[in-house]
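Let me begin by presenting the structure, written as structure tokens, before commenting on it.
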Amino acid sequence: VTGVQTCALPIFDDRYRVLRYDRRGYGRSSPHPGPFDMHGQVADLVDLLAGRRAVLVGHSYGGNVALSTAFHHPDLVAGVVVYESPLSWMPWWSGRTAGAAARDAAQDGPEVAAEVFMRRLIGDARWEGLPERTRATRRAEGAAMVGELGDLRANPPWEPDGIRVPVMVGYGNRGAPHHQDGMQRLGSMLRDATVVSLDDCRHDAPSSHPAEFAHRLVEPLLARVGAPWA
């Protein structure tokens, strides 16, 4: 099981070999020179898999990394879980998201864009209540975030017909309308997708409700594809 974008699922650690990693430009993978495009993200994940076949679990942008890996390297992917992943290259995707606000703010610098994104995502009060060290870390991730968002907007990372593995698609019933709509549309695009709404969850469900996330999204996929996967 591979957690893309650090999905918080420690309940699997005693049953499966779980790989978590920080994408380039974030956490322990920061600083990073880039580029911050999908090609580089997929290459990083393929390197980490080292030839092992896996179930990929991706939250937000990480869901597109997982789907792009399944599209380009189907031999390495047994199944995918995505949760509230942006489909910003689609013509119908909302232009009023946190990501869109960050792209608009990027002209004032990547650190400004990162703060705008976080304020939209968690609200002004929660942002201002964070320790200054945490806020500085988030701002420092701005270059990676701006690069990712711009690339995702301009370059479709995968094609629906090329996703040939089962996919569990999740969203929170308290999440943003564009995420709920987007995940329902994603489910209709893919040939083998199951769409699941998580009760009382928002965008941060992998961290705020890990047991429900695992039970409703990850465990059914693991049961279906079986193990071992290599």
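FYI, nothing fancy with the structure tokens labels: chains A, B, ... in order, residues from 1 per chain, ligands from 1 as they appear.
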Can you tell me, as a PDB file with C-alpha atoms, in the first residue's frame, what residues are no more than 6 Å from His59 (chain A) when counting only C-alpha atoms, ignoring any on the same chain fewer than 3 positions away?
```pdb
ATOM      1  CA  GLY A  62      -1.822  12.965  -4.674  1.00  0.00           C
ATOM      2  CA  GLY A  63      -4.808  11.246  -6.253  1.00  0.00           C
ATOM      3  CA  VAL A  82      -8.428   8.811  -4.638  1.00  0.00           C
ATOM      4  CA  TYR A  83     -10.014  11.320  -2.312  1.00  0.00           C
TER       5      TYR A  83
END
```
Can you list every residue in region 31-69 of chain A that DSSP puts in strand (DSSP E or B), as a PDB file with N, CA and C atoms, in the first residue's frame?
```pdb
ATOM      1  N   ALA A  54       1.741  -2.274  -6.259  1.00  0.00           N
ATOM      2  CA  ALA A  54       1.129  -1.714  -5.060  1.00  0.00           C
ATOM      3  C   ALA A  54      -0.276  -1.219  -5.317  1.00  0.00           C
ATOM      4  N   VAL A  55      -1.002  -1.037  -4.233  1.00  0.00           N
ATOM      5  CA  VAL A  55      -2.245  -0.269  -4.236  1.00  0.00           C
ATOM      6  C   VAL A  55      -1.867   1.150  -3.846  1.00  0.00           C
ATOM      7  N   LEU A  56      -2.283   2.125  -4.628  1.00  0.00           N
ATOM      8  CA  LEU A  56      -1.919   3.522  -4.395  1.00  0.00           C
ATOM      9  C   LEU A  56      -3.090   4.254  -3.759  1.00  0.00           C
ATOM     10  N   VAL A  57      -2.789   5.019  -2.715  1.00  0.00           N
ATOM     11  CA  VAL A  57      -3.805   5.805  -2.012  1.00  0.00           C
ATOM     12  C   VAL A  57      -3.388   7.264  -2.090  1.00  0.00           C
ATOM     13  N   GLY A  58      -4.199   8.081  -2.769  1.00  0.00           N
ATOM     14  CA  GLY A  58      -3.830   9.473  -2.980  1.00  0.00           C
ATOM     15  C   GLY A  58      -4.906  10.438  -2.543  1.00  0.00           C
ATOM     16  N   HIS A  59      -4.516  11.417  -1.749  1.00  0.00           N
ATOM     17  CA  HIS A  59      -5.422  12.457  -1.268  1.00  0.00           C
ATOM     18  C   HIS A  59      -5.136  13.754  -2.011  1.00  0.00           C
TER      19      HIS A  59
END
```
For Leu222 (chain A), find every residue with an atom within 12 Å (counting only C-alpha atoms), except residues of its own chain fewer than 6 positions away, and show them as a list in words.
Val1, Thr2, Phe12, Arg15, Tyr16, Ala54, Val55, Leu56, Val57, Ala78, Gly79, Val80, Val81, Pro166, Val167, Met168, Ala214, His215, Arg216, Pro228 and Trp229 of chain A
Exercise: Glu148 (chain A) partners within 8 Å, only C-alpha atoms, chain neighbours under 2 positions left out, as an MDAnalysis selection string:
chainID A and resid 36:38 144:146 150:152
Atoms kept (N, CA and C atoms) for selection, written as a PDB file, in the first residue's frame:
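Output file again_23.pdb follows:
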```pdb
ATOM      1  N   PHE A  36       8.390  20.789 -10.767  1.00  0.00           N
ATOM      2  CA  PHE A  36       7.228  20.347 -10.007  1.00  0.00           C
ATOM      3  C   PHE A  36       6.067  20.007 -10.948  1.00  0.00           C
ATOM      4  N   ASP A  37       6.374  19.145 -11.903  1.00  0.00           N
ATOM      5  CA  ASP A  37       5.344  18.725 -12.850  1.00  0.00           C
ATOM      6  C   ASP A  37       4.979  17.265 -12.593  1.00  0.00           C
ATOM      7  N   MET A  38       3.932  16.795 -13.257  1.00  0.00           N
ATOM      8  CA  MET A  38       3.459  15.441 -13.000  1.00  0.00           C
ATOM      9  C   MET A  38       4.465  14.392 -13.458  1.00  0.00           C
ATOM     10  N   ALA A 144       6.746  24.800  -4.883  1.00  0.00           N
ATOM     11  CA  ALA A 144       6.273  23.487  -5.320  1.00  0.00           C
ATOM     12  C   ALA A 144       4.784  23.532  -5.654  1.00  0.00           C
ATOM     13  N   MET A 145       4.026  24.185  -4.804  1.00  0.00           N
ATOM     14  CA  MET A 145       2.583  24.234  -4.999  1.00  0.00           C
ATOM     15  C   MET A 145       2.210  24.976  -6.281  1.00  0.00           C
ATOM     16  N   VAL A 146       2.836  26.131  -6.518  1.00  0.00           N
ATOM     17  CA  VAL A 146       2.544  26.905  -7.731  1.00  0.00           C
ATOM     18  C   VAL A 146       2.908  26.103  -8.980  1.00  0.00           C
ATOM     19  N   GLY A 150      -0.012  24.924 -11.673  1.00  0.00           N
ATOM     20  CA  GLY A 150       0.069  25.399 -13.051  1.00  0.00           C
ATOM     21  C   GLY A 150       0.169  24.256 -14.041  1.00  0.00           C
ATOM     22  N   ASP A 151       0.985  23.260 -13.714  1.00  0.00           N
ATOM     23  CA  ASP A 151       1.142  22.114 -14.593  1.00  0.00           C
ATOM     24  C   ASP A 151      -0.154  21.319 -14.696  1.00  0.00           C
ATOM     25  N   LEU A 152      -0.840  21.132 -13.557  1.00  0.00           N
ATOM     26  CA  LEU A 152      -2.076  20.358 -13.559  1.00  0.00           C
ATOM     27  C   LEU A 152      -3.157  21.046 -14.382  1.00  0.00           C
TER      28      LEU A 152
END
```
Find the residues near Gly170 (chain A): any atom within 8 Å, counting only C-alpha atoms, skip ones fewer than 6 places away on the same chain, and give them as a PyMOL selection string.
chain A and resi 81-84+183+195-198+217
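Those residues that approach region 86-98 of chain A to within 8 Å, counting only C-alpha atoms, are Ser60, Tyr61, Asn64, Val116, Phe117, Met118, Arg120, Leu121, Leu152, Arg153, Ala154, Asn155, Pro156, His178, His179 and Gly182 of chain A; same-chain residues fewer than 6 positions away are not listed.
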